[in-house]
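In what follows, a structure is listed as structure tokens, so that the remarks can point back to it.
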Amino acid sequence: MRIVALIIAHLLGTFAGYCQTQLLKNYDFDKGGYYILGVYSEADRNGLRDSIGEFYTDSIPILNQFKQEWTFDQPSPRYACGYHYTVYICKDGLPIEHFFINLNCNVIVSGKSCFYFDAHKLRVFKGKLKRPIRKNDKFESIKEARTKRSEILTQPKLITTFTPNWMKFEGEFSFTYSCPAGSNDCLSQDDSLLQQLALEIQSAYPEEIFELQSAGGSSTELFVNVRCNKTLADKFKLYPLSWNKWEAYPLYLTSYWVPM
């Protein structure tokens, strides 16, 4: 019986090992240059978040401790209760990957995976993390905004900044596509319909750059957002425009910095 029990224990241990997910396993923190940055997201109050605040670290031992601690094997449902933190993995001034954490619902969301998150996995770092400086810049022109962001990326004290839509496009508009009579549910086919519509727009306006994004719909209609420059919005005649005729992107940029 003792031998059988040992075999079962070994098999269970092996199975548990296979089921574990180490969120940060792909990062070689020993090479340096990485940051972990935790910034507030919208959620109800939580004492641990209030005491830790927004945080960052570039300490290699602490980064490796995060890698070890943030290993999960218990799936969790994706809660619709907001998140206390968005946690970014950053390198060269840009976010590489991010996670969402809710400390009251005990969940961490990574891509399409959700795991039970024991608050101890963050509490263990209390007193080991530093507070970043947050800067919010507003610009008068898109040229100024793009130039300033390029300059920010060269600064040695930068932890991270983001890539706003205005780096590529000036704004967006929306249109409604009506599916042919007798077709299947329009919304369920949004991926293939977006590809079809992109080819159609490219053919009609070959000099324009754009990206399409589904904005919902129904069994008979698909609502489409078009990220583009205003020149495309001004000349677009293929389909009726919907709620958003044209909206220029607000020229804001958030960045996080090591204190001077």
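By convention here, the chains of the structure tokens are called A, B, ... in the order presented, each chain's residues are numbered starting at 1, and ligands are numbered starting at 1 in the order presented.
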Proximity check region 62-90 of chain A to region 107-119 of chain A, 8 Å, nearest pairs one decimal Å, only C-alpha atoms, as a tab-separated table:
```
residue	atom	partner	partner_atom	distance
A:Phe72	CA	A:Phe115	CA	6.5
A:Asp73	CA	A:Phe115	CA	7.2
A:Gln74	CA	A:Tyr116	CA	5.6
A:Pro75	CA	A:Phe115	CA	4.3
A:Ser76	CA	A:Phe115	CA	4.6
A:Pro77	CA	A:Cys114	CA	6.3
A:Arg78	CA	A:Cys114	CA	6.1
A:Tyr79	CA	A:Val107	CA	7.6
```
Can you write out the residues you just picked, keeping N, CA, C and O atoms, as a PDB file, in the first residue's frame?
```
ATOM      1  N   PHE A  72       0.543  29.995 -11.559  1.00  0.00           N
ATOM      2  CA  PHE A  72      -0.851  29.729 -11.214  1.00  0.00           C
ATOM      3  C   PHE A  72      -1.298  28.381 -11.769  1.00  0.00           C
ATOM      4  O   PHE A  72      -0.829  27.952 -12.825  1.00  0.00           O
ATOM      5  N   ASP A  73      -2.195  27.733 -11.026  1.00  0.00           N
ATOM      6  CA  ASP A  73      -2.725  26.457 -11.495  1.00  0.00           C
ATOM      7  C   ASP A  73      -4.230  26.334 -11.264  1.00  0.00           C
ATOM      8  O   ASP A  73      -4.805  25.284 -11.533  1.00  0.00           O
ATOM      9  N   GLN A  74      -4.868  27.405 -10.769  1.00  0.00           N
ATOM     10  CA  GLN A  74      -6.302  27.345 -10.489  1.00  0.00           C
ATOM     11  C   GLN A  74      -7.041  28.320 -11.396  1.00  0.00           C
ATOM     12  O   GLN A  74      -6.966  29.539 -11.198  1.00  0.00           O
ATOM     13  N   PRO A  75      -7.756  27.828 -12.413  1.00  0.00           N
ATOM     14  CA  PRO A  75      -8.492  28.728 -13.302  1.00  0.00           C
ATOM     15  C   PRO A  75      -9.561  29.504 -12.546  1.00  0.00           C
ATOM     16  O   PRO A  75     -10.048  29.075 -11.494  1.00  0.00           O
ATOM     17  N   SER A  76      -9.914  30.663 -13.085  1.00  0.00           N
ATOM     18  CA  SER A  76     -10.939  31.505 -12.480  1.00  0.00           C
ATOM     19  C   SER A  76     -11.816  32.071 -13.584  1.00  0.00           C
ATOM     20  O   SER A  76     -11.338  32.307 -14.701  1.00  0.00           O
ATOM     21  N   PRO A  77     -13.101  32.324 -13.311  1.00  0.00           N
ATOM     22  CA  PRO A  77     -13.932  32.994 -14.314  1.00  0.00           C
ATOM     23  C   PRO A  77     -13.464  34.432 -14.513  1.00  0.00           C
ATOM     24  O   PRO A  77     -12.845  35.026 -13.630  1.00  0.00           O
ATOM     25  N   ARG A  78     -13.753  34.999 -15.664  1.00  0.00           N
ATOM     26  CA  ARG A  78     -13.406  36.390 -15.963  1.00  0.00           C
ATOM     27  C   ARG A  78     -14.488  37.285 -15.365  1.00  0.00           C
ATOM     28  O   ARG A  78     -15.599  37.351 -15.855  1.00  0.00           O
ATOM     29  N   TYR A  79     -14.147  37.965 -14.277  1.00  0.00           N
ATOM     30  CA  TYR A  79     -15.131  38.784 -13.576  1.00  0.00           C
ATOM     31  C   TYR A  79     -15.370  40.100 -14.306  1.00  0.00           C
ATOM     32  O   TYR A  79     -14.470  40.662 -14.912  1.00  0.00           O
TER      33      TYR A  79
END
```
DSSP on the backbone, then: every residue of region 65-186 of chain A marked strand (DSSP E), written as a PDB file with N, CA, C and O atoms, in the first residue's frame.
```
ATOM      1  N   THR A  71       3.027  32.163 -10.518  1.00  0.00           N
ATOM      2  CA  THR A  71       2.780  30.861 -11.135  1.00  0.00           C
ATOM      3  C   THR A  71       1.415  30.390 -10.647  1.00  0.00           C
ATOM      4  O   THR A  71       1.152  30.398  -9.443  1.00  0.00           O
ATOM      5  N   PHE A  72       0.543  29.995 -11.559  1.00  0.00           N
ATOM      6  CA  PHE A  72      -0.851  29.729 -11.214  1.00  0.00           C
ATOM      7  C   PHE A  72      -1.298  28.381 -11.769  1.00  0.00           C
ATOM      8  O   PHE A  72      -0.829  27.952 -12.825  1.00  0.00           O
ATOM      9  N   TYR A  85      -5.515  46.854 -10.742  1.00  0.00           N
ATOM     10  CA  TYR A  85      -4.242  47.163 -11.395  1.00  0.00           C
ATOM     11  C   TYR A  85      -4.238  46.658 -12.831  1.00  0.00           C
ATOM     12  O   TYR A  85      -4.801  45.604 -13.142  1.00  0.00           O
ATOM     13  N   THR A  86      -3.561  47.418 -13.677  1.00  0.00           N
ATOM     14  CA  THR A  86      -3.019  46.882 -14.913  1.00  0.00           C
ATOM     15  C   THR A  86      -1.517  46.788 -14.700  1.00  0.00           C
ATOM     16  O   THR A  86      -0.877  47.784 -14.327  1.00  0.00           O
ATOM     17  N   VAL A  87      -0.967  45.614 -14.879  1.00  0.00           N
ATOM     18  CA  VAL A  87       0.463  45.392 -14.655  1.00  0.00           C
ATOM     19  C   VAL A  87       1.129  45.162 -16.005  1.00  0.00           C
ATOM     20  O   VAL A  87       0.736  44.265 -16.763  1.00  0.00           O
ATOM     21  N   TYR A  88       2.134  45.997 -16.299  1.00  0.00           N
ATOM     22  CA  TYR A  88       2.832  45.939 -17.584  1.00  0.00           C
ATOM     23  C   TYR A  88       4.232  45.363 -17.413  1.00  0.00           C
ATOM     24  O   TYR A  88       4.927  45.681 -16.442  1.00  0.00           O
ATOM     25  N   ILE A  89       4.650  44.546 -18.357  1.00  0.00           N
ATOM     26  CA  ILE A  89       6.048  44.182 -18.519  1.00  0.00           C
ATOM     27  C   ILE A  89       6.605  45.132 -19.582  1.00  0.00           C
ATOM     28  O   ILE A  89       6.077  45.195 -20.691  1.00  0.00           O
ATOM     29  N   CYS A  90       7.658  45.872 -19.245  1.00  0.00           N
ATOM     30  CA  CYS A  90       8.158  46.945 -20.107  1.00  0.00           C
ATOM     31  C   CYS A  90       9.629  46.738 -20.443  1.00  0.00           C
ATOM     32  O   CYS A  90      10.400  46.248 -19.615  1.00  0.00           O
ATOM     33  N   LYS A  91       9.992  47.148 -21.639  1.00  0.00           N
ATOM     34  CA  LYS A  91      11.392  47.137 -22.068  1.00  0.00           C
ATOM     35  C   LYS A  91      11.563  48.170 -23.173  1.00  0.00           C
ATOM     36  O   LYS A  91      10.694  48.323 -24.022  1.00  0.00           O
ATOM     37  N   LEU A  94       8.678  50.706 -23.803  1.00  0.00           N
ATOM     38  CA  LEU A  94       7.379  50.293 -24.322  1.00  0.00           C
ATOM     39  C   LEU A  94       6.848  49.077 -23.561  1.00  0.00           C
ATOM     40  O   LEU A  94       7.633  48.236 -23.097  1.00  0.00           O
ATOM     41  N   PRO A  95       5.526  48.967 -23.416  1.00  0.00           N
ATOM     42  CA  PRO A  95       4.951  47.771 -22.797  1.00  0.00           C
ATOM     43  C   PRO A  95       5.009  46.584 -23.754  1.00  0.00           C
ATOM     44  O   PRO A  95       4.712  46.721 -24.938  1.00  0.00           O
ATOM     45  N   ILE A  96       5.408  45.432 -23.226  1.00  0.00           N
ATOM     46  CA  ILE A  96       5.477  44.213 -24.026  1.00  0.00           C
ATOM     47  C   ILE A  96       4.217  43.365 -23.823  1.00  0.00           C
ATOM     48  O   ILE A  96       3.696  42.769 -24.760  1.00  0.00           O
ATOM     49  N   GLU A  97       3.762  43.318 -22.574  1.00  0.00           N
ATOM     50  CA  GLU A  97       2.620  42.473 -22.210  1.00  0.00           C
ATOM     51  C   GLU A  97       1.974  43.107 -20.992  1.00  0.00           C
ATOM     52  O   GLU A  97       2.611  43.842 -20.245  1.00  0.00           O
ATOM     53  N   HIS A  98       0.681  42.826 -20.787  1.00  0.00           N
ATOM     54  CA  HIS A  98       0.026  43.361 -19.602  1.00  0.00           C
ATOM     55  C   HIS A  98      -0.965  42.348 -19.041  1.00  0.00           C
ATOM     56  O   HIS A  98      -1.448  41.452 -19.737  1.00  0.00           O
ATOM     57  N   PHE A  99      -1.254  42.538 -17.741  1.00  0.00           N
ATOM     58  CA  PHE A  99      -2.188  41.698 -17.007  1.00  0.00           C
ATOM     59  C   PHE A  99      -3.132  42.601 -16.220  1.00  0.00           C
ATOM     60  O   PHE A  99      -2.775  43.722 -15.873  1.00  0.00           O
ATOM     61  N   PHE A 100      -4.335  42.084 -15.929  1.00  0.00           N
ATOM     62  CA  PHE A 100      -5.293  42.803 -15.100  1.00  0.00           C
ATOM     63  C   PHE A 100      -5.490  42.037 -13.796  1.00  0.00           C
ATOM     64  O   PHE A 100      -5.642  40.809 -13.820  1.00  0.00           O
ATOM     65  N   ILE A 101      -5.524  42.765 -12.675  1.00  0.00           N
ATOM     66  CA  ILE A 101      -5.684  42.131 -11.366  1.00  0.00           C
ATOM     67  C   ILE A 101      -6.839  42.774 -10.615  1.00  0.00           C
ATOM     68  O   ILE A 101      -6.933  44.000 -10.527  1.00  0.00           O
ATOM     69  N   ASN A 102      -7.732  41.944 -10.075  1.00  0.00           N
ATOM     70  CA  ASN A 102      -8.729  42.406  -9.120  1.00  0.00           C
ATOM     71  C   ASN A 102      -8.458  41.733  -7.787  1.00  0.00           C
ATOM     72  O   ASN A 102      -8.486  40.498  -7.692  1.00  0.00           O
ATOM     73  N   VAL A 107      -8.625  37.622  -8.923  1.00  0.00           N
ATOM     74  CA  VAL A 107      -8.456  37.128 -10.283  1.00  0.00           C
ATOM     75  C   VAL A 107      -7.347  37.907 -10.974  1.00  0.00           C
ATOM     76  O   VAL A 107      -7.162  39.105 -10.746  1.00  0.00           O
ATOM     77  N   ILE A 108      -6.571  37.213 -11.796  1.00  0.00           N
ATOM     78  CA  ILE A 108      -5.612  37.835 -12.687  1.00  0.00           C
ATOM     79  C   ILE A 108      -5.941  37.364 -14.100  1.00  0.00           C
ATOM     80  O   ILE A 108      -6.194  36.177 -14.327  1.00  0.00           O
ATOM     81  N   VAL A 109      -5.984  38.315 -15.031  1.00  0.00           N
ATOM     82  CA  VAL A 109      -6.361  38.023 -16.410  1.00  0.00           C
ATOM     83  C   VAL A 109      -5.156  38.249 -17.302  1.00  0.00           C
ATOM     84  O   VAL A 109      -4.538  39.325 -17.276  1.00  0.00           O
ATOM     85  N   SER A 110      -4.811  37.236 -18.066  1.00  0.00           N
ATOM     86  CA  SER A 110      -3.675  37.303 -18.984  1.00  0.00           C
ATOM     87  C   SER A 110      -4.138  36.832 -20.345  1.00  0.00           C
ATOM     88  O   SER A 110      -4.378  35.641 -20.544  1.00  0.00           O
ATOM     89  N   SER A 113      -6.590  33.923 -20.710  1.00  0.00           N
ATOM     90  CA  SER A 113      -6.548  33.051 -19.535  1.00  0.00           C
ATOM     91  C   SER A 113      -6.856  33.846 -18.274  1.00  0.00           C
ATOM     92  O   SER A 113      -6.435  34.993 -18.140  1.00  0.00           O
ATOM     93  N   CYS A 114      -7.588  33.219 -17.365  1.00  0.00           N
ATOM     94  CA  CYS A 114      -7.904  33.828 -16.069  1.00  0.00           C
ATOM     95  C   CYS A 114      -7.538  32.831 -14.969  1.00  0.00           C
ATOM     96  O   CYS A 114      -7.849  31.647 -15.069  1.00  0.00           O
ATOM     97  N   PHE A 115      -6.890  33.352 -13.924  1.00  0.00           N
ATOM     98  CA  PHE A 115      -6.474  32.490 -12.825  1.00  0.00           C
ATOM     99  C   PHE A 115      -6.869  33.105 -11.489  1.00  0.00           C
ATOM    100  O   PHE A 115      -6.982  34.326 -11.364  1.00  0.00           O
ATOM    101  N   TYR A 116      -7.068  32.220 -10.503  1.00  0.00           N
ATOM    102  CA  TYR A 116      -7.277  32.678  -9.143  1.00  0.00           C
ATOM    103  C   TYR A 116      -6.001  33.361  -8.659  1.00  0.00           C
ATOM    104  O   TYR A 116      -4.897  32.828  -8.811  1.00  0.00           O
ATOM    105  N   ILE A 133       6.710  58.111 -11.411  1.00  0.00           N
ATOM    106  CA  ILE A 133       6.153  59.426 -11.711  1.00  0.00           C
ATOM    107  C   ILE A 133       5.311  59.302 -12.977  1.00  0.00           C
ATOM    108  O   ILE A 133       5.786  58.793 -13.995  1.00  0.00           O
ATOM    109  N   ARG A 134       4.081  59.780 -12.896  1.00  0.00           N
ATOM    110  CA  ARG A 134       3.189  59.736 -14.051  1.00  0.00           C
ATOM    111  C   ARG A 134       3.099  61.125 -14.670  1.00  0.00           C
ATOM    112  O   ARG A 134       2.890  62.115 -13.966  1.00  0.00           O
ATOM    113  N   LYS A 135       3.247  61.199 -15.995  1.00  0.00           N
ATOM    114  CA  LYS A 135       3.125  62.461 -16.714  1.00  0.00           C
ATOM    115  C   LYS A 135       2.036  62.341 -17.774  1.00  0.00           C
ATOM    116  O   LYS A 135       1.951  61.324 -18.475  1.00  0.00           O
ATOM    117  N   ASN A 136       1.226  63.387 -17.886  1.00  0.00           N
ATOM    118  CA  ASN A 136       0.182  63.446 -18.902  1.00  0.00           C
ATOM    119  C   ASN A 136       0.421  64.680 -19.764  1.00  0.00           C
ATOM    120  O   ASN A 136       0.349  65.805 -19.269  1.00  0.00           O
ATOM    121  N   ASP A 137       0.734  64.471 -21.028  1.00  0.00           N
ATOM    122  CA  ASP A 137       1.020  65.570 -21.948  1.00  0.00           C
ATOM    123  C   ASP A 137      -0.140  65.751 -22.920  1.00  0.00           C
ATOM    124  O   ASP A 137      -0.768  64.778 -23.356  1.00  0.00           O
ATOM    125  N   LYS A 138      -0.390  67.009 -23.262  1.00  0.00           N
ATOM    126  CA  LYS A 138      -1.392  67.356 -24.260  1.00  0.00           C
ATOM    127  C   LYS A 138      -0.718  68.182 -25.346  1.00  0.00           C
ATOM    128  O   LYS A 138       0.112  69.053 -25.042  1.00  0.00           O
ATOM    129  N   LEU A 158      12.847  56.989 -18.602  1.00  0.00           N
ATOM    130  CA  LEU A 158      11.520  56.514 -19.002  1.00  0.00           C
ATOM    131  C   LEU A 158      11.327  55.046 -18.604  1.00  0.00           C
ATOM    132  O   LEU A 158      12.175  54.197 -18.888  1.00  0.00           O
ATOM    133  N   ILE A 159      10.201  54.762 -17.948  1.00  0.00           N
ATOM    134  CA  ILE A 159       9.798  53.371 -17.698  1.00  0.00           C
ATOM    135  C   ILE A 159       9.004  52.860 -18.892  1.00  0.00           C
ATOM    136  O   ILE A 159       9.336  51.843 -19.488  1.00  0.00           O
ATOM    137  N   THR A 160       7.948  53.599 -19.244  1.00  0.00           N
ATOM    138  CA  THR A 160       7.175  53.218 -20.429  1.00  0.00           C
ATOM    139  C   THR A 160       6.266  54.349 -20.859  1.00  0.00           C
ATOM    140  O   THR A 160       5.892  55.212 -20.060  1.00  0.00           O
ATOM    141  N   THR A 161       5.932  54.344 -22.125  1.00  0.00           N
ATOM    142  CA  THR A 161       4.844  55.142 -22.672  1.00  0.00           C
ATOM    143  C   THR A 161       4.103  54.258 -23.655  1.00  0.00           C
ATOM    144  O   THR A 161       4.484  53.100 -23.861  1.00  0.00           O
ATOM    145  N   GLY A 171      -7.743  59.924 -36.893  1.00  0.00           N
ATOM    146  CA  GLY A 171      -9.005  59.753 -36.180  1.00  0.00           C
ATOM    147  C   GLY A 171      -9.773  58.576 -36.731  1.00  0.00           C
ATOM    148  O   GLY A 171      -9.184  57.652 -37.311  1.00  0.00           O
ATOM    149  N   GLU A 172     -11.090  58.591 -36.555  1.00  0.00           N
ATOM    150  CA  GLU A 172     -11.894  57.471 -37.029  1.00  0.00           C
ATOM    151  C   GLU A 172     -13.321  57.910 -37.347  1.00  0.00           C
ATOM    152  O   GLU A 172     -13.795  58.944 -36.875  1.00  0.00           O
ATOM    153  N   PHE A 173     -13.988  57.101 -38.150  1.00  0.00           N
ATOM    154  CA  PHE A 173     -15.420  57.267 -38.406  1.00  0.00           C
ATOM    155  C   PHE A 173     -16.052  55.888 -38.440  1.00  0.00           C
ATOM    156  O   PHE A 173     -15.355  54.859 -38.389  1.00  0.00           O
ATOM    157  N   SER A 174     -17.376  55.851 -38.530  1.00  0.00           N
ATOM    158  CA  SER A 174     -18.100  54.579 -38.489  1.00  0.00           C
ATOM    159  C   SER A 174     -19.106  54.502 -39.628  1.00  0.00           C
ATOM    160  O   SER A 174     -19.660  55.513 -40.042  1.00  0.00           O
ATOM    161  N   PHE A 175     -19.323  53.277 -40.104  1.00  0.00           N
ATOM    162  CA  PHE A 175     -20.373  53.066 -41.094  1.00  0.00           C
ATOM    163  C   PHE A 175     -21.110  51.771 -40.793  1.00  0.00           C
ATOM    164  O   PHE A 175     -20.656  50.940 -39.997  1.00  0.00           O
ATOM    165  N   THR A 176     -22.250  51.627 -41.457  1.00  0.00           N
ATOM    166  CA  THR A 176     -23.091  50.449 -41.264  1.00  0.00           C
ATOM    167  C   THR A 176     -23.129  49.638 -42.559  1.00  0.00           C
ATOM    168  O   THR A 176     -23.423  50.176 -43.627  1.00  0.00           O
ATOM    169  N   TYR A 177     -22.825  48.353 -42.423  1.00  0.00           N
ATOM    170  CA  TYR A 177     -22.908  47.431 -43.561  1.00  0.00           C
ATOM    171  C   TYR A 177     -24.128  46.540 -43.369  1.00  0.00           C
ATOM    172  O   TYR A 177     -24.286  45.901 -42.317  1.00  0.00           O
ATOM    173  N   SER A 178     -24.992  46.517 -44.364  1.00  0.00           N
ATOM    174  CA  SER A 178     -26.185  45.659 -44.325  1.00  0.00           C
ATOM    175  C   SER A 178     -25.916  44.370 -45.084  1.00  0.00           C
ATOM    176  O   SER A 178     -25.552  44.400 -46.270  1.00  0.00           O
TER     177      SER A 178
END
```
Selection near His84 (chain A), 12 Å with only C-alpha atoms, sequence-local residues under 3 positions removed, as a CSV table (one decimal) with N, CA, C and O atoms, in the first residue's frame:
```csv
chain,number,residue,atom,x,y,z
A,38,GLY,N,3.0,48.6,-12.3
A,38,GLY,CA,1.6,48.5,-11.9
A,38,GLY,C,0.9,49.8,-11.8
A,38,GLY,O,1.4,50.6,-11.0
A,39,VAL,N,-0.1,50.0,-12.6
A,39,VAL,CA,-0.9,51.3,-12.5
A,39,VAL,C,-2.3,51.0,-12.2
A,39,VAL,O,-2.9,50.0,-12.5
A,40,TYR,N,-3.0,52.0,-11.6
A,40,TYR,CA,-4.3,51.9,-11.2
A,40,TYR,C,-5.3,51.7,-12.4
A,40,TYR,O,-5.1,52.3,-13.4
A,41,SER,N,-6.2,50.8,-12.2
A,41,SER,CA,-7.4,50.6,-13.1
A,41,SER,C,-8.6,50.9,-12.2
A,41,SER,O,-8.6,51.0,-11.0
A,42,GLU,N,-9.8,51.1,-12.9
A,42,GLU,CA,-11.0,51.4,-12.2
A,42,GLU,C,-11.6,50.2,-11.5
A,42,GLU,O,-11.8,49.1,-12.1
A,43,ALA,N,-11.8,50.3,-10.2
A,43,ALA,CA,-12.4,49.2,-9.4
A,43,ALA,C,-12.8,49.8,-8.1
A,43,ALA,O,-12.5,50.9,-7.7
A,44,ASP,N,-13.5,49.0,-7.3
A,44,ASP,CA,-13.8,49.4,-5.9
A,44,ASP,C,-12.6,49.5,-5.0
A,44,ASP,O,-11.5,49.0,-5.4
A,45,ARG,N,-12.8,50.1,-3.9
A,45,ARG,CA,-11.6,50.3,-3.0
A,45,ARG,C,-11.0,49.0,-2.5
A,45,ARG,O,-11.7,47.9,-2.4
A,46,ASN,N,-9.7,49.0,-2.3
A,46,ASN,CA,-9.0,47.8,-1.7
A,46,ASN,C,-7.8,48.3,-0.9
A,46,ASN,O,-7.0,49.2,-1.4
A,47,GLY,N,-7.7,47.9,0.3
A,47,GLY,CA,-6.7,48.3,1.3
A,47,GLY,C,-5.3,48.1,0.8
A,47,GLY,O,-4.4,48.9,1.0
A,48,LEU,N,-5.1,46.9,0.2
A,48,LEU,CA,-3.7,46.6,-0.3
A,48,LEU,C,-3.3,47.5,-1.4
A,48,LEU,O,-2.2,48.0,-1.4
A,49,ARG,N,-4.2,47.8,-2.3
A,49,ARG,CA,-3.9,48.7,-3.4
A,49,ARG,C,-3.6,50.1,-2.9
A,49,ARG,O,-2.6,50.7,-3.3
A,50,ASP,N,-4.4,50.5,-1.9
A,50,ASP,CA,-4.2,51.8,-1.3
A,50,ASP,C,-2.8,51.9,-0.6
A,50,ASP,O,-2.2,53.0,-0.7
A,52,ILE,N,0.0,50.0,-1.3
A,52,ILE,CA,1.1,49.9,-2.2
A,52,ILE,C,1.2,51.0,-3.2
A,52,ILE,O,2.2,51.5,-3.5
A,53,GLY,N,0.0,51.4,-3.7
A,53,GLY,CA,-0.1,52.5,-4.7
A,53,GLY,C,0.4,52.0,-6.1
A,53,GLY,O,0.6,50.8,-6.3
A,54,GLU,N,0.6,52.9,-7.0
A,54,GLU,CA,1.2,52.5,-8.3
A,54,GLU,C,2.7,52.2,-8.0
A,54,GLU,O,3.3,52.8,-7.1
A,81,CYS,N,-16.1,42.9,-12.8
A,81,CYS,CA,-16.1,43.9,-11.6
A,81,CYS,C,-15.0,44.9,-11.7
A,81,CYS,O,-14.7,45.5,-10.6
A,87,VAL,N,-1.0,45.6,-14.9
A,87,VAL,CA,0.5,45.4,-14.7
A,87,VAL,C,1.1,45.2,-16.0
A,87,VAL,O,0.7,44.3,-16.8
A,99,PHE,N,-1.3,42.5,-17.7
A,99,PHE,CA,-2.2,41.7,-17.0
A,99,PHE,C,-3.1,42.6,-16.2
A,99,PHE,O,-2.8,43.7,-15.9
A,100,PHE,N,-4.3,42.1,-15.9
A,100,PHE,CA,-5.3,42.8,-15.1
A,100,PHE,C,-5.5,42.0,-13.8
A,100,PHE,O,-5.6,40.8,-13.8
A,101,ILE,N,-5.5,42.8,-12.7
A,101,ILE,CA,-5.7,42.1,-11.4
A,101,ILE,C,-6.8,42.8,-10.6
A,101,ILE,O,-6.9,44.0,-10.5
A,102,ASN,N,-7.7,41.9,-10.1
A,102,ASN,CA,-8.7,42.4,-9.1
A,102,ASN,C,-8.5,41.7,-7.8
A,102,ASN,O,-8.5,40.5,-7.7
A,103,LEU,N,-8.2,42.5,-6.8
A,103,LEU,CA,-7.8,42.0,-5.5
A,103,LEU,C,-9.0,41.6,-4.6
A,103,LEU,O,-8.8,40.9,-3.6
A,104,ASN,N,-10.2,42.1,-4.9
A,104,ASN,CA,-11.3,41.7,-4.2
A,104,ASN,C,-12.0,40.4,-4.8
A,104,ASN,O,-12.4,39.6,-4.1
A,105,CYS,N,-12.0,40.3,-6.1
A,105,CYS,CA,-12.5,39.1,-6.8
A,105,CYS,C,-11.4,38.0,-6.9
A,105,CYS,O,-11.7,36.9,-7.3
A,106,ASN,N,-10.2,38.4,-6.5
A,106,ASN,CA,-9.1,37.4,-6.6
A,106,ASN,C,-8.9,36.8,-7.9
A,106,ASN,O,-9.0,35.6,-8.1
A,107,VAL,N,-8.6,37.6,-8.9
A,107,VAL,CA,-8.5,37.1,-10.3
A,107,VAL,C,-7.3,37.9,-11.0
A,107,VAL,O,-7.2,39.1,-10.7
A,108,ILE,N,-6.6,37.2,-11.8
A,108,ILE,CA,-5.6,37.8,-12.7
A,108,ILE,C,-5.9,37.4,-14.1
A,108,ILE,O,-6.2,36.2,-14.3
A,109,VAL,N,-6.0,38.3,-15.0
A,109,VAL,CA,-6.4,38.0,-16.4
A,109,VAL,C,-5.2,38.2,-17.3
A,109,VAL,O,-4.5,39.3,-17.3
A,119,ALA,N,-4.1,37.4,-3.0
A,119,ALA,CA,-3.5,38.7,-2.8
A,119,ALA,C,-2.1,38.6,-2.2
A,119,ALA,O,-1.3,39.6,-2.3
A,122,LEU,N,0.8,39.6,-4.3
A,122,LEU,CA,1.2,41.0,-4.4
A,122,LEU,C,1.7,41.5,-3.1
A,122,LEU,O,2.7,42.3,-3.0
```
Residue list (helix (DSSP H, G or I), DSSP) for region 154-190 of chain A, as a list of chain:residue names: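 The residues of region 154-190 of chain A classed as helix (DSSP H, G or I) are A:Asn165, A:Trp166, A:Met167, A:Leu187, A:Ser188, A:Gln189, A:Asp190.
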Serialized selection, C-alpha atoms, as an mmCIF file, in the first residue's frame:
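Saved result, again.cif, follows:
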```
data_model
loop_
_atom_site.group_PDB
_atom_site.id
_atom_site.type_symbol
_atom_site.label_atom_id
_atom_site.label_comp_id
_atom_site.auth_asym_id
_atom_site.auth_seq_id
_atom_site.Cartn_x
_atom_site.Cartn_y
_atom_site.Cartn_z
ATOM 1 C CA ASN A 165 -3.849 55.563 -32.340
ATOM 2 C CA TRP A 166 -2.702 59.029 -33.465
ATOM 3 C CA MET A 167 0.771 57.677 -34.121
ATOM 4 C CA LEU A 187 -22.408 39.624 -36.521
ATOM 5 C CA SER A 188 -21.209 36.027 -36.317
ATOM 6 C CA GLN A 189 -19.369 36.504 -39.623
ATOM 7 C CA ASP A 190 -17.656 39.757 -38.672
#
```
Residue among A:Ala204, A:Lys235, A:Pro164, A:Val258 lying closest to Tyr56 (chain A), counting only C-alpha atoms: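 Using only C-alpha atoms, the shortest distance to Tyr56 (chain A) belongs to A:Val258.
The spacing separating CA of Gly216 (chain A) from CA of Trp243 (chain A) amounts to 12.7 Å.
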For Cys228 (chain A), the nearest of the candidates A:Ala248, A:Phe169, A:Ser183, A:Pro259, counting only C-alpha atoms: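 Checking each candidate against Cys228 (chain A), we get A:Phe169 as the closest.
Among the candidates A:Ser255, A:Thr57, A:Ser242, A:Thr231, the one nearest to Arg131 (chain A) when counting only C-alpha atoms is A:Thr57.
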Selection near Glu69 (chain A), 12 Å with only C-alpha atoms, sequence-local residues under 5 positions removed, as a PyMOL selection string: chain A and resi 20-25+62-64+117-125
Interatomic distance (Å, one decimal) between CA of Leu251 (chain A) and CA of Val226 (chain A):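 These two atoms are separated by 18.2 Å.
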Which residue of A:Phe55, A:Phe29, A:Trp70, A:Phe162 approaches Leu253 (chain A) most closely, using only C-alpha atoms: A:Phe162
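Minimum atom-to-atom distances from A:Leu238, A:Val224, A:Leu37, A:Ala181 to Lys130 (chain A) were compared using only C-alpha atoms, and the lowest value belongs to A:Leu37.
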